Every structure is written in C-alpha cells, then in structure tokens.
>>> print(open('work-v4.txt').read())   # compact mmCIF, C-alpha atoms and all ligand atoms
# COMPACT_ATOMS: atom_id res chain seq x y z
CA MET A 1 52.92 -18.19 24.41
CA VAL A 2 49.38 -17.97 23.00
CA ASP A 3 46.59 -18.68 25.46
CA PHE A 4 43.45 -20.36 24.18
CA PHE A 5 40.05 -20.58 25.82
CA ASN A 6 37.27 -23.07 25.28
CA SER A 7 34.18 -21.61 23.51
CA LYS A 8 31.73 -23.64 25.64
CA GLU A 9 33.19 -22.26 28.88
CA LEU A 10 33.10 -18.71 27.50
CA LEU A 11 29.50 -19.14 26.39
CA ILE A 12 28.40 -20.43 29.79
CA ASP A 13 30.12 -17.52 31.51
CA GLY A 14 28.73 -14.97 29.02
CA ILE A 15 25.16 -16.28 29.29
CA GLY A 16 25.40 -16.12 33.08
CA LYS A 17 26.59 -12.50 32.98
CA LEU A 18 23.79 -11.46 30.58
CA LYS A 19 21.17 -13.37 32.61
CA SER A 20 22.15 -11.74 35.86
CA SER A 21 21.86 -8.34 34.16
CA LYS A 22 18.34 -9.30 33.00
CA ILE A 23 19.16 -9.11 29.27
CA PRO A 24 16.11 -10.66 27.54
CA SER A 25 17.73 -13.25 25.21
CA PRO A 26 21.05 -14.16 26.89
CA GLU A 27 21.70 -17.44 25.03
CA ILE A 28 21.23 -16.03 21.54
CA ASP A 29 23.08 -12.79 22.32
CA ALA A 30 26.08 -14.60 23.82
CA ARG A 31 26.33 -16.95 20.83
CA ILE A 32 26.15 -14.08 18.33
CA LEU A 33 28.67 -11.94 20.24
CA LEU A 34 31.19 -14.77 20.65
CA SER A 35 30.92 -15.67 16.96
CA TYR A 36 31.44 -12.02 15.99
CA ALA A 37 34.34 -11.54 18.44
CA SER A 38 36.14 -14.57 17.02
CA ASN A 39 35.26 -13.92 13.34
CA PHE A 40 33.67 -17.34 13.19
CA HIS A 41 31.63 -17.59 9.99
CA ASN A 42 28.76 -19.55 11.60
CA THR A 43 27.06 -19.10 14.96
CA ILE A 44 29.01 -20.83 17.74
CA TYR A 45 26.87 -23.29 19.71
CA MET A 46 27.58 -25.06 23.01
CA HIS A 47 28.58 -28.28 21.30
CA ASN A 48 31.20 -26.63 19.05
CA ASN A 49 34.11 -26.67 21.54
CA ILE A 50 36.25 -24.21 19.59
CA SER A 51 39.56 -22.73 20.79
CA ILE A 52 39.26 -18.96 21.20
CA SER A 53 42.38 -16.77 21.35
CA LYS A 54 42.99 -14.41 24.28
CA LYS A 55 42.49 -11.41 22.00
CA ASP A 56 39.09 -12.68 20.84
CA LYS A 57 38.12 -13.63 24.38
CA ASN A 58 38.83 -10.04 25.47
CA LYS A 59 36.76 -8.74 22.56
CA PHE A 60 33.90 -11.02 23.64
CA TYR A 61 33.98 -9.65 27.20
CA CYS A 62 34.08 -6.10 25.87
CA PHE A 63 30.95 -6.83 23.74
CA LEU A 64 29.22 -8.45 26.74
CA ASP A 65 29.92 -5.33 28.75
CA GLN A 66 28.38 -3.10 26.04
CA ARG A 67 25.33 -5.40 25.88
CA ILE A 68 24.96 -5.33 29.67
CA HIS A 69 24.96 -1.54 29.47
CA GLY A 70 22.01 -1.66 27.05
CA LYS A 71 23.62 -1.48 23.61
CA PRO A 72 21.58 -3.60 21.14
CA VAL A 73 23.42 -6.54 19.54
CA SER A 74 22.92 -5.02 16.06
CA ARG A 75 24.63 -1.79 17.18
CA ILE A 76 27.59 -3.78 18.57
CA LEU A 77 27.87 -5.72 15.32
CA GLY A 78 27.21 -2.62 13.15
CA SER A 79 24.76 -4.57 11.03
CA ARG A 80 21.31 -6.14 10.99
CA ASN A 81 19.68 -8.85 8.91
CA PHE A 82 16.63 -7.62 7.01
CA TRP A 83 14.56 -9.67 4.55
CA LYS A 84 17.25 -11.65 2.67
CA ASN A 85 20.38 -9.58 3.32
CA ASN A 86 22.64 -8.19 5.98
CA PHE A 87 22.65 -4.35 6.15
CA LEU A 88 25.38 -2.20 7.65
CA ILE A 89 24.06 0.40 10.10
CA ASN A 90 25.65 3.34 11.90
CA LYS A 91 24.56 5.72 14.64
CA TYR A 92 22.74 7.88 12.05
CA THR A 93 20.54 5.07 10.69
CA LEU A 94 17.48 3.43 12.16
CA ASP A 95 18.05 -0.18 13.12
CA PRO A 96 15.92 -1.95 10.43
CA ARG A 97 12.78 -3.55 11.87
CA PRO A 98 11.03 -6.79 10.84
CA ASP A 99 7.75 -4.72 10.68
CA SER A 100 9.09 -2.99 7.56
CA GLU A 101 9.55 -6.35 5.79
CA VAL A 102 5.76 -6.33 5.24
CA ILE A 103 6.32 -3.82 2.40
CA ILE A 104 8.80 -6.13 0.66
CA ASP A 105 6.62 -9.18 1.26
CA VAL A 106 3.56 -7.58 -0.40
CA LEU A 107 5.44 -5.96 -3.29
CA THR A 108 7.55 -8.95 -4.26
CA LYS A 109 4.43 -11.09 -4.60
CA THR A 110 2.97 -8.66 -7.14
CA CYS A 111 6.10 -7.38 -8.92
CA ARG A 112 8.77 -10.09 -8.91
CA ASN A 113 7.95 -11.29 -12.43
CA ASN A 114 7.20 -7.88 -13.83
CA SER A 115 8.33 -7.53 -17.44
CA ASN A 116 8.17 -3.68 -17.57
CA HIS A 117 10.97 -1.67 -16.09
CA LEU A 118 9.85 -0.22 -12.73
CA GLN A 119 11.02 3.02 -11.15
CA VAL A 120 11.11 2.89 -7.37
CA LEU A 121 11.43 5.82 -4.94
CA ASP A 122 12.44 5.21 -1.30
CA LEU A 123 11.65 8.24 0.88
CA GLY A 124 13.72 8.35 4.10
CA SER A 125 15.94 5.46 3.08
CA GLY A 126 18.11 5.13 6.23
CA SER A 127 20.34 2.07 5.79
CA GLY A 128 18.55 1.41 2.48
CA CYS A 129 16.98 -1.80 3.75
CA ILE A 130 13.56 -1.27 2.11
CA GLY A 131 14.52 0.11 -1.28
CA LEU A 132 17.58 -2.10 -1.78
CA SER A 133 15.66 -5.24 -0.77
CA LEU A 134 13.03 -4.33 -3.36
CA ILE A 135 15.41 -3.87 -6.28
CA ASP A 136 17.20 -7.02 -5.22
CA GLU A 137 13.89 -8.88 -5.62
CA ILE A 138 12.52 -6.99 -8.64
CA LYS A 139 15.24 -7.51 -11.23
CA ASN A 140 13.93 -5.01 -13.80
CA ALA A 141 13.92 -1.90 -11.63
CA SER A 142 15.85 1.25 -10.77
CA LEU A 143 15.82 3.02 -7.43
CA LEU A 144 16.08 6.59 -6.19
CA SER A 145 16.69 6.70 -2.42
CA VAL A 146 16.50 9.98 -0.54
CA ASP A 147 17.14 10.98 3.04
CA VAL A 148 17.73 14.20 4.95
CA CYS A 149 20.75 12.66 6.68
CA LYS A 150 24.05 12.67 4.75
CA GLN A 151 25.65 10.01 6.97
CA SER A 152 22.84 7.55 6.41
CA LEU A 153 23.19 8.06 2.64
CA GLU A 154 26.83 7.03 3.07
CA ILE A 155 25.72 3.76 4.68
CA LEU A 156 23.11 3.26 1.95
CA ASP A 157 25.90 3.61 -0.63
CA LYS A 158 28.05 1.03 1.22
CA ASN A 159 25.12 -1.38 1.43
CA ALA A 160 24.38 -0.99 -2.28
CA LYS A 161 28.03 -1.80 -3.08
CA LYS A 162 28.04 -4.76 -0.70
CA LEU A 163 24.90 -6.17 -2.36
CA ASP A 164 26.13 -5.34 -5.87
CA LEU A 165 23.12 -3.08 -6.50
CA SER A 166 24.89 0.24 -7.15
CA LYS A 167 24.21 0.15 -10.88
CA LYS A 168 20.47 0.30 -10.20
CA LEU A 169 20.67 3.05 -7.57
CA GLN A 170 20.82 6.83 -7.42
CA PHE A 171 20.57 8.67 -4.11
CA ALA A 172 20.27 12.26 -2.87
CA LYS A 173 19.97 14.40 0.21
CA ILE A 174 16.37 15.67 0.23
CA ASN A 175 14.27 17.18 3.02
CA TRP A 176 10.53 16.73 2.53
CA PHE A 177 9.84 19.72 4.80
CA GLU A 178 11.37 21.99 2.14
CA ASN A 179 8.99 23.39 -0.50
CA THR A 180 11.07 22.26 -3.45
CA TRP A 181 11.60 18.64 -2.40
CA SER A 182 9.43 16.98 -5.05
CA GLN A 183 10.75 19.35 -7.75
CA ASN A 184 14.30 18.41 -6.79
CA ILE A 185 13.44 14.73 -7.17
CA LYS A 186 12.03 15.42 -10.65
CA ILE A 187 15.23 17.21 -11.62
CA ILE A 188 17.24 14.13 -10.62
CA THR A 189 15.05 11.84 -12.74
CA GLN A 190 15.41 14.17 -15.72
CA ASN A 191 19.18 14.11 -15.54
CA ASP A 192 19.93 10.50 -14.73
CA LYS A 193 19.91 7.72 -17.33
CA LEU A 194 18.58 5.25 -14.75
CA PHE A 195 15.20 6.96 -15.09
CA SER A 196 13.14 7.24 -18.28
CA LYS A 197 10.27 9.28 -16.77
CA ASN A 198 9.93 11.65 -13.84
CA LYS A 199 7.22 9.72 -11.99
CA PHE A 200 7.56 6.50 -10.02
CA ASP A 201 5.75 3.17 -10.32
CA ILE A 202 6.44 2.30 -6.70
CA ILE A 203 7.02 4.69 -3.82
CA VAL A 204 7.96 3.28 -0.41
CA CYS A 205 8.39 5.19 2.80
CA ASN A 206 8.92 4.47 6.47
CA PRO A 207 8.84 8.00 7.92
CA PRO A 208 9.42 8.99 11.55
CA TYR A 209 6.00 8.43 13.19
CA ILE A 210 6.41 8.36 16.98
CA LYS A 211 4.49 11.12 18.76
CA SER A 212 7.02 13.54 20.32
CA SER A 213 5.51 13.01 23.77
CA ASP A 214 5.99 9.21 23.45
CA ILE A 215 9.74 9.33 22.69
CA GLU A 216 10.64 9.37 26.39
CA LYS A 217 8.49 6.25 26.95
CA LEU A 218 10.28 4.17 24.31
CA GLN A 219 12.46 1.19 25.28
CA ALA A 220 15.98 2.32 26.23
CA GLU A 221 17.45 0.38 23.28
CA VAL A 222 15.36 2.46 20.88
CA LYS A 223 15.46 5.81 22.68
CA ASN A 224 19.21 5.72 23.29
CA TYR A 225 20.40 4.20 20.03
CA ASP A 226 18.01 5.04 17.17
CA PRO A 227 18.51 8.61 15.90
CA LEU A 228 15.76 11.05 16.90
CA VAL A 229 15.33 12.21 13.30
CA SER A 230 14.22 8.69 12.37
CA LEU A 231 11.69 8.46 15.22
CA ASP A 232 10.08 11.83 15.99
CA GLY A 233 6.89 12.36 14.00
CA GLY A 234 5.82 15.58 15.76
CA ILE A 235 2.89 16.23 18.13
CA ASP A 236 0.50 13.66 16.60
CA GLY A 237 3.16 11.50 14.86
CA CYS A 238 1.91 12.64 11.44
CA ASP A 239 4.14 15.62 10.50
CA SER A 240 6.05 13.71 7.81
CA TYR A 241 2.90 12.18 6.27
CA ARG A 242 1.35 15.65 5.91
CA ALA A 243 4.51 17.12 4.33
CA ILE A 244 4.92 14.19 1.93
CA PHE A 245 1.27 13.70 0.89
CA LYS A 246 1.00 17.42 0.06
CA ASP A 247 3.33 16.99 -2.94
CA LEU A 248 3.35 13.24 -3.49
CA ARG A 249 0.89 13.29 -6.40
CA GLU A 250 3.62 15.01 -8.45
CA LEU A 251 5.76 11.89 -8.17
CA VAL A 252 3.36 8.93 -8.54
CA ALA A 253 2.93 7.43 -12.02
CA GLU A 254 -0.70 7.11 -13.20
CA ASP A 255 -0.94 3.42 -12.30
CA GLY A 256 1.69 3.69 -9.56
CA VAL A 257 1.29 2.64 -5.92
CA CYS A 258 2.71 3.92 -2.67
CA PHE A 259 3.42 1.94 0.49
CA PHE A 260 3.80 3.83 3.74
CA GLU A 261 4.63 2.28 7.08
CA ILE A 262 2.46 3.74 9.86
CA GLY A 263 2.34 3.68 13.64
CA TYR A 264 -0.15 0.97 14.63
CA ASP A 265 -2.38 3.58 16.34
CA LEU A 266 -2.26 6.22 13.58
CA LEU A 267 -4.65 4.80 10.98
CA ASP A 268 -7.65 7.03 11.84
CA ASN A 269 -5.54 10.21 11.67
CA ILE A 270 -3.82 9.07 8.48
CA LYS A 271 -7.19 8.43 6.80
CA ILE A 272 -8.13 12.08 7.40
CA ILE A 273 -4.83 13.29 5.90
CA LEU A 274 -5.21 10.98 2.88
CA LYS A 275 -8.68 12.46 2.22
CA GLU A 276 -7.35 15.99 2.52
CA PHE A 277 -4.77 15.30 -0.20
CA ASN A 278 -7.03 13.14 -2.41
CA PHE A 279 -5.32 9.79 -2.00
CA ASN A 280 -7.23 6.49 -2.08
CA LEU A 281 -6.56 3.95 0.63
CA ILE A 282 -6.38 0.68 -1.32
CA ARG A 283 -5.48 -1.67 1.52
CA VAL A 284 -4.06 -1.80 5.04
CA HIS A 285 -1.46 -4.53 5.62
CA LYS A 286 -0.85 -6.00 9.06
CA ASP A 287 2.57 -6.69 10.56
CA TYR A 288 3.69 -10.03 12.07
CA TYR A 289 1.92 -9.08 15.34
CA GLY A 290 -1.40 -8.34 13.65
CA HIS A 291 -1.09 -4.53 13.94
CA ASN A 292 -2.10 -2.16 11.12
CA ARG A 293 1.38 -1.40 9.81
CA VAL A 294 1.46 -0.50 6.12
CA ILE A 295 -0.98 1.49 4.00
CA GLU A 296 -1.16 0.95 0.27
CA ILE A 297 -2.39 4.09 -1.48
CA ASN A 298 -2.69 5.72 -4.90
C1 LIG B 301 11.91 5.49 10.41
S1 LIG B 301 13.42 5.85 9.59
C2 LIG B 301 13.35 4.67 8.25
C3 LIG B 301 14.70 4.28 7.71
C4 LIG B 301 14.66 3.09 6.76
N1 LIG B 301 13.80 3.36 5.63
C5 LIG B 301 14.18 1.85 7.49
O1 LIG B 301 13.02 1.46 7.31
O2 LIG B 301 14.97 1.28 8.27
C6 LIG B 301 13.03 7.39 8.81
C7 LIG B 301 14.09 7.95 7.90
O3 LIG B 301 13.61 9.19 7.38
C8 LIG B 301 14.66 10.14 7.40
N2 LIG B 301 14.05 11.46 7.52
C9 LIG B 301 13.53 12.04 8.64
N3 LIG B 301 13.06 13.27 8.35
C10 LIG B 301 13.26 13.46 7.04
C11 LIG B 301 12.99 14.56 6.15
N4 LIG B 301 12.43 15.68 6.60
N5 LIG B 301 13.31 14.43 4.86
C12 LIG B 301 13.93 13.28 4.40
N6 LIG B 301 14.22 12.23 5.19
C13 LIG B 301 13.89 12.32 6.50
C14 LIG B 301 15.51 9.76 8.59
O4 LIG B 301 16.83 10.27 8.46
C15 LIG B 301 15.41 8.24 8.56
O5 LIG B 301 16.45 7.68 7.80
>>> encode(input="work-v4.txt", output="structure tokens")
Amino acid sequence: MVDFFNSKELLIDGIGKLKSSKIPSPEIDARILLSYASNFHNTIYMHNNISISKKDKNKFYCFLDQRIHGKPVSRILGSRNFWKNNFLINKYTLDPRPDSEVIIDVLTKTCRNNSNHLQVLDLGSGSGCIGLSLIDEIKNASLLSVDVCKQSLEILDKNAKKLDLSKKLQFAKINWFENTWSQNIKIITQNDKLFSKNKFDIIVCNPPYIKSSDIEKLQAEVKNYDPLVSLDGGIDGCDSYRAIFKDLRELVAEDGVCFFEIGYDLLDNIKIILKEFNFNLIRVHKDYYGHNRVIEIN
C-alpha cells in the first residue's frame, strides 16, 4: 500500500517547525524544500493540495532537519539562482551572491550588442556564475575561467555544460599568489583557438576579501558552509587584490576594463593599492543595498 500525504498539511507542519527554530524565512524555505523533495517542477503553495508520497515526505522532513541545523537552502538543494540561470554548487564553491550580479548588470548594458568578439577572463571563478552569466549575455565572446580550487573548476565545467556554454569556455587551475600566474594565462591564450590575442577585453573578479579577524564574526550560514579559501582576504582583506594588481596590466587589452567586487568597507585601502600599481579607478558601482561593491578600473 502506498501512503500519500497532503502538501498543505506538510507545509503547515514544516513552517511551524522552522518558525519554532527561528529560521528567518520559514514560509519560503518550506515551500522550496517540499517542492525539491517531491521533484515538483514549480514551487508548491498552500492552495496546491498535492498528494506527496511517503518517500518524498520523509525527504522533506530530512531537509527540514538540515535547515533547522543551519544548512542554507541552496546547500541543501545543491544549486542557487544567479542572474538568469540556476548554478550548481558544491562544498568547494562560494554560494553565489546577488551582490555579484552588479557586475553582470553593468557589463550587459554596455556590451550586449557588441559587434567585436570579446575575450573575457574570470579570476576566481567558483561556480562560474559571473563569467558564464556574462558570456550567456554577450553572444560574441569567449571566456577563460581560472580558480585555485580543482573541485570548483569541476562544478564550473558542469554548469557550462548545463547552460550549453562549453564551446565558449576554457578553464584552468591557476593560483594568483604564484609568480608565474599571469604568464601561465598567456600561455593558455596562445595555445587555444578560442582566443585570438593574449590580452582580455573584460576581466572580472570576485576575490576573497573578508579580513581574517572578521571570519569568526560571520553569520553561521556563511562561516560554516562557504569555503574559507573563497572568503579569507588576509589581515586587511586585500591580499588577493595586491597579488592580482601586481601583474594584471600584463593581461588587460589596451581599451579593456576590469571589474572587481570589493568589501563595502575596503574602498579607501583599494584606492591606495590601485595607485601603487598604476590603475585608474573609472567608477564605483553600488550593490542593491547602496554599498560600494564593484570597482571598474583600467
Ligand atoms: C569570493 S569567491 C568567488 C567565486 C565566484 N566568482 C562567485 O562570485 O561566486 C573567490 C574565489 O577565488 C578562488 N581563489 C581564492 N584564492 C585564489 C588564488 N590564490 N588563486 C586563484 N583563485 C583563488 C576561490 O577558490 C573562490 O572560488
């Protein structure tokens, strides 16, 4: 005999459990988790009155339990919506943030109808959300994505396949703290047909920028689930900017632009580093909360 359970009753019970554990958005989380547990293609709402099998009900309660113990919904689902697409994530990738969509928003406005072929470099690509969203928007473009973490490059590859963007993508394991990092990128461009020159028209980067001493103070969902390598920016949060800016000139085309996400409180320090390495600050873009979030430089 197959037991079935009513979705409305499960939702009410799930919301109650999340509420009593002080989970911030119980209604939304319960709806998403029940839909995912039951492989329902749309979000299940109260009015839907769907029959849920015992197996899916058990899955739902298992997900609720993980959520109650602090696991973010995106980590339970193994994916996160970013800009226009859904990106797979794993424990080695940062959970993509809406703040980073600012880069796509600004660049698509200027480049969407570009007739020249554009070469894009994504430094510290993680799940690939920034670079892949860009080449999805800018049709005439190729992308080189690099990251120090092999397992996040595997997820990037899966996301590129899922979005049918693999033909426009090359990727490599690169560590910008190594002396030869920019040379190694040039070697890739020289040997891959996707690239016709060894400099890039657009460089995007969301490096780790949390001050080491602030890591402990982060929300549990961030501290316990985002990998340290994607968060820790060293004593002043700027270690990666210094390492990258030192050799970045080698990789920017003459009329190219670079977009770097920054910590909202880092702008003054970053300005000093930009001066040291002869970069011009063209503009500072704000995130959805009004914080200084992305610098545009050349
Ligand atoms: C803040 S996360 C950004 C990930 C992704 N671009 C996003 O916005 O969701 C920083 C990324 O830089 C990578 N990373 C950290 N240190 C690096 C290094 N020394 N060289 C190359 N990549 C590095 C991390 O593995 C991580 O994927």
>>> residues_near_ligand(input="work-v4.txt", ligand="ligand LIG 301 (chain B)", cutoff="6 Å", atoms="only C-alpha atoms and all ligand atoms", output="PyMOL selection string")
chain A and resi 93-96+100+124-127+129-130+147-149+174-177+206-208+229-231
>>> closest_residue(input="work-v4.txt", among="A:Ile44, A:Asp226, A:Val106, A:Ala253", to="Ile295 in chain A", atoms="all atoms listed in the file")
A:Val106
>>> closest_residue(input="work-v4.txt", among="A:Leu156, A:Asn39, A:Val222, A:Ser182", to="Ile244 in chain A", atoms="only C-alpha atoms")
A:Ser182
>>> atom_distance(input="work-v4.txt", atom1="CA of Cys62 in chain A", atom2="CA of Glu221 in chain A")
18.0 Å
>>> closest_residue(input="work-v4.txt", among="A:Leu33, A:Cys111, A:Val252, A:Ile235", to="Ser74 in chain A", atoms="all atoms listed in the file")
A:Leu33
>>> closest_residue(input="work-v4.txt", among="A:Lys168, A:Lys275, A:Lys59, A:Lys199", to="Leu251 in chain A", atoms="all atoms listed in the file")
A:Lys199
>>> closest_residue(input="work-v4.txt", among="A:Tyr61, A:Arg67, A:Thr180, A:Lys91", to="Ser25 in chain A", atoms="only C-alpha atoms")
A:Arg67
>>> closest_residue(input="work-v4.txt", among="A:Ala243, A:Ala141, A:Ile52, A:Leu18", to="Ser38 in chain A", atoms="only C-alpha atoms")
A:Ile52
>>> atom_distance(input="work-v4.txt", atom1="CA of Lys197 in chain A", atom2="CA of Leu118 in chain A")
10.3 Å
>>> residues_around(input="work-v4.txt", residues="Phe260 in chain A", least_positions_apart="2", cutoff="9 Å", atoms="all atoms listed in the file", output="mmCIF file with C-alpha atoms, in the frame of the given file")
data_model
loop_
_atom_site.group_PDB
_atom_site.id
_atom_site.type_symbol
_atom_site.label_atom_id
_atom_site.label_comp_id
_atom_site.auth_asym_id
_atom_site.auth_seq_id
_atom_site.Cartn_x
_atom_site.Cartn_y
_atom_site.Cartn_z
ATOM 1 C CA ILE A 103 6.320 -3.820 2.400
ATOM 2 C CA ILE A 203 7.020 4.690 -3.820
ATOM 3 C CA VAL A 204 7.960 3.280 -0.410
ATOM 4 C CA CYS A 205 8.390 5.190 2.800
ATOM 5 C CA ASN A 206 8.920 4.470 6.470
ATOM 6 C CA PRO A 207 8.840 8.000 7.920
ATOM 7 C CA TYR A 241 2.900 12.180 6.270
ATOM 8 C CA CYS A 258 2.710 3.920 -2.670
ATOM 9 C CA ILE A 262 2.460 3.740 9.860
ATOM 10 C CA ARG A 293 1.380 -1.400 9.810
ATOM 11 C CA VAL A 294 1.460 -0.500 6.120
ATOM 12 C CA ILE A 295 -0.980 1.490 4.000
ATOM 13 C CA GLU A 296 -1.160 0.950 0.270
ATOM 14 C CA ILE A 297 -2.390 4.090 -1.480
#
>>> atom_distance(input="work-v4.txt", atom1="CA of Ser166 in chain A", atom2="CA of Arg75 in chain A")
24.4 Å
>>> closest_atom_pairs(input="work-v4.txt", of="range 124-229 of chain A", to="range 265-274 of chain A", cutoff="10 Å", atoms="all atoms listed in the file", output="Markdown table")
| residue | atom | partner | partner_atom | distance |
| --- | --- | --- | --- | --- |
| A:Tyr209 | CA | A:Leu266 | CA | 8.6 |
| A:Ile210 | CA | A:Leu266 | CA | 9.6 |
| A:Lys211 | CA | A:Leu266 | CA | 9.8 |
>>> residues_around(input="work-v4.txt", residues="Pro24 in chain A", least_positions_apart="3", cutoff="12 Å", atoms="only C-alpha atoms", output="PyMOL selection string")
chain A and resi 15+17-21+27-30+67-68+70+72-73+221
>>> residues_around(input="work-v4.txt", residues="Leu144 in chain A", least_positions_apart="4", cutoff="12 Å", atoms="only C-alpha atoms", output="PDB file with C-alpha atoms, in the coordinates of the input")
ATOM      1  CA  LEU A 118       9.850  -0.220 -12.730  1.00  0.00           C
ATOM      2  CA  GLN A 119      11.020   3.020 -11.150  1.00  0.00           C
ATOM      3  CA  VAL A 120      11.110   2.890  -7.370  1.00  0.00           C
ATOM      4  CA  LEU A 121      11.430   5.820  -4.940  1.00  0.00           C
ATOM      5  CA  ASP A 122      12.440   5.210  -1.300  1.00  0.00           C
ATOM      6  CA  LEU A 123      11.650   8.240   0.880  1.00  0.00           C
ATOM      7  CA  GLY A 124      13.720   8.350   4.100  1.00  0.00           C
ATOM      8  CA  SER A 125      15.940   5.460   3.080  1.00  0.00           C
ATOM      9  CA  GLY A 128      18.550   1.410   2.480  1.00  0.00           C
ATOM     10  CA  ILE A 130      13.560  -1.270   2.110  1.00  0.00           C
ATOM     11  CA  GLY A 131      14.520   0.110  -1.280  1.00  0.00           C
ATOM     12  CA  LEU A 132      17.580  -2.100  -1.780  1.00  0.00           C
ATOM     13  CA  LEU A 134      13.030  -4.330  -3.360  1.00  0.00           C
ATOM     14  CA  ILE A 135      15.410  -3.870  -6.280  1.00  0.00           C
ATOM     15  CA  LEU A 153      23.190   8.060   2.640  1.00  0.00           C
ATOM     16  CA  LEU A 156      23.110   3.260   1.950  1.00  0.00           C
ATOM     17  CA  ASP A 157      25.900   3.610  -0.630  1.00  0.00           C
ATOM     18  CA  ALA A 160      24.380  -0.990  -2.280  1.00  0.00           C
ATOM     19  CA  LEU A 165      23.120  -3.080  -6.500  1.00  0.00           C
ATOM     20  CA  SER A 166      24.890   0.240  -7.150  1.00  0.00           C
ATOM     21  CA  LYS A 167      24.210   0.150 -10.880  1.00  0.00           C
ATOM     22  CA  LYS A 168      20.470   0.300 -10.200  1.00  0.00           C
ATOM     23  CA  LEU A 169      20.670   3.050  -7.570  1.00  0.00           C
ATOM     24  CA  GLN A 170      20.820   6.830  -7.420  1.00  0.00           C
ATOM     25  CA  PHE A 171      20.570   8.670  -4.110  1.00  0.00           C
ATOM     26  CA  ALA A 172      20.270  12.260  -2.870  1.00  0.00           C
ATOM     27  CA  LYS A 173      19.970  14.400   0.210  1.00  0.00           C
ATOM     28  CA  ILE A 174      16.370  15.670   0.230  1.00  0.00           C
ATOM     29  CA  ASN A 184      14.300  18.410  -6.790  1.00  0.00           C
ATOM     30  CA  ILE A 185      13.440  14.730  -7.170  1.00  0.00           C
ATOM     31  CA  LYS A 186      12.030  15.420 -10.650  1.00  0.00           C
ATOM     32  CA  ILE A 187      15.230  17.210 -11.620  1.00  0.00           C
ATOM     33  CA  ILE A 188      17.240  14.130 -10.620  1.00  0.00           C
ATOM     34  CA  THR A 189      15.050  11.840 -12.740  1.00  0.00           C
ATOM     35  CA  ASP A 192      19.930  10.500 -14.730  1.00  0.00           C
ATOM     36  CA  LYS A 193      19.910   7.720 -17.330  1.00  0.00           C
ATOM     37  CA  LEU A 194      18.580   5.250 -14.750  1.00  0.00           C
ATOM     38  CA  PHE A 195      15.200   6.960 -15.090  1.00  0.00           C
ATOM     39  CA  ASN A 198       9.930  11.650 -13.840  1.00  0.00           C
ATOM     40  CA  LYS A 199       7.220   9.720 -11.990  1.00  0.00           C
ATOM     41  CA  PHE A 200       7.560   6.500 -10.020  1.00  0.00           C
ATOM     42  CA  ASP A 201       5.750   3.170 -10.320  1.00  0.00           C
ATOM     43  CA  ILE A 202       6.440   2.300  -6.700  1.00  0.00           C
ATOM     44  CA  ILE A 203       7.020   4.690  -3.820  1.00  0.00           C
ATOM     45  CA  VAL A 204       7.960   3.280  -0.410  1.00  0.00           C
ATOM     46  CA  CYS A 205       8.390   5.190   2.800  1.00  0.00           C
ATOM     47  CA  LEU A 251       5.760  11.890  -8.170  1.00  0.00           C
TER      48      LEU A 251
END
>>> residues_around(input="work-v4.txt", residues="Asn42 in chain A", least_positions_apart="5", cutoff="10 Å", atoms="only C-alpha atoms", output="CSV table (one decimal) with C-alpha atoms, keeping the file's coordinate frame")
chain,number,residue,atom,x,y,z
A,31,ARG,CA,26.3,-17.0,20.8
A,32,ILE,CA,26.2,-14.1,18.3
A,35,SER,CA,30.9,-15.7,17.0
A,36,TYR,CA,31.4,-12.0,16.0
>>> decode(input="work-v4.txt", residues="range 66-71 of chain A", atoms="all heavy atoms", output="PDB file, in the first residue's frame")
ATOM      1  N   GLN A  66      17.900  19.446   8.272  1.00  0.00           N
ATOM      2  CA  GLN A  66      19.174  20.074   7.886  1.00  0.00           C
ATOM      3  C   GLN A  66      19.061  21.591   8.007  1.00  0.00           C
ATOM      4  O   GLN A  66      19.971  22.265   8.487  1.00  0.00           O
ATOM      5  CB  GLN A  66      19.527  19.700   6.451  1.00  0.00           C
ATOM      6  CG  GLN A  66      19.860  18.227   6.274  1.00  0.00           C
ATOM      7  CD  GLN A  66      20.152  17.900   4.817  1.00  0.00           C
ATOM      8  OE1 GLN A  66      20.671  18.706   4.058  1.00  0.00           O
ATOM      9  NE2 GLN A  66      19.808  16.697   4.401  1.00  0.00           N
ATOM     10  N   ARG A  67      17.912  22.129   7.552  1.00  0.00           N
ATOM     11  CA  ARG A  67      17.699  23.588   7.601  1.00  0.00           C
ATOM     12  C   ARG A  67      17.688  24.066   9.048  1.00  0.00           C
ATOM     13  O   ARG A  67      18.281  25.091   9.379  1.00  0.00           O
ATOM     14  CB  ARG A  67      16.370  23.924   6.891  1.00  0.00           C
ATOM     15  CG  ARG A  67      16.075  25.396   6.791  1.00  0.00           C
ATOM     16  CD  ARG A  67      16.991  26.080   5.792  1.00  0.00           C
ATOM     17  NE  ARG A  67      16.940  27.525   5.919  1.00  0.00           N
ATOM     18  CZ  ARG A  67      17.907  28.272   6.435  1.00  0.00           C
ATOM     19  NH1 ARG A  67      19.017  27.724   6.875  1.00  0.00           N
ATOM     20  NH2 ARG A  67      17.787  29.579   6.509  1.00  0.00           N
ATOM     21  N   ILE A  68      16.999  23.300   9.911  1.00  0.00           N
ATOM     22  CA  ILE A  68      16.924  23.675  11.329  1.00  0.00           C
ATOM     23  C   ILE A  68      18.323  23.685  11.957  1.00  0.00           C
ATOM     24  O   ILE A  68      18.629  24.493  12.820  1.00  0.00           O
ATOM     25  CB  ILE A  68      15.957  22.713  12.083  1.00  0.00           C
ATOM     26  CG1 ILE A  68      14.515  23.068  11.693  1.00  0.00           C
ATOM     27  CG2 ILE A  68      16.146  22.760  13.595  1.00  0.00           C
ATOM     28  CD1 ILE A  68      13.489  22.004  12.022  1.00  0.00           C
ATOM     29  N   HIS A  69      19.199  22.809  11.441  1.00  0.00           N
ATOM     30  CA  HIS A  69      20.564  22.781  11.965  1.00  0.00           C
ATOM     31  C   HIS A  69      21.476  23.792  11.261  1.00  0.00           C
ATOM     32  O   HIS A  69      22.703  23.737  11.399  1.00  0.00           O
ATOM     33  CB  HIS A  69      21.147  21.366  11.883  1.00  0.00           C
ATOM     34  CG  HIS A  69      20.602  20.484  12.962  1.00  0.00           C
ATOM     35  ND1 HIS A  69      19.465  19.722  12.781  1.00  0.00           N
ATOM     36  CD2 HIS A  69      20.982  20.305  14.243  1.00  0.00           C
ATOM     37  CE1 HIS A  69      19.190  19.094  13.909  1.00  0.00           C
ATOM     38  NE2 HIS A  69      20.090  19.430  14.806  1.00  0.00           N
ATOM     39  N   GLY A  70      20.891  24.694  10.481  1.00  0.00           N
ATOM     40  CA  GLY A  70      21.664  25.834   9.961  1.00  0.00           C
ATOM     41  C   GLY A  70      22.130  25.719   8.522  1.00  0.00           C
ATOM     42  O   GLY A  70      22.764  26.635   8.004  1.00  0.00           O
ATOM     43  N   LYS A  71      21.845  24.598   7.844  1.00  0.00           N
ATOM     44  CA  LYS A  71      22.321  24.468   6.469  1.00  0.00           C
ATOM     45  C   LYS A  71      21.491  25.389   5.562  1.00  0.00           C
ATOM     46  O   LYS A  71      20.242  25.326   5.606  1.00  0.00           O
ATOM     47  CB  LYS A  71      22.185  23.005   6.020  1.00  0.00           C
ATOM     48  CG  LYS A  71      22.954  22.689   4.762  1.00  0.00           C
ATOM     49  CD  LYS A  71      23.030  21.180   4.580  1.00  0.00           C
ATOM     50  CE  LYS A  71      23.886  20.811   3.403  1.00  0.00           C
ATOM     51  NZ  LYS A  71      24.092  19.393   3.244  1.00  0.00           N
TER      52      LYS A  71
END
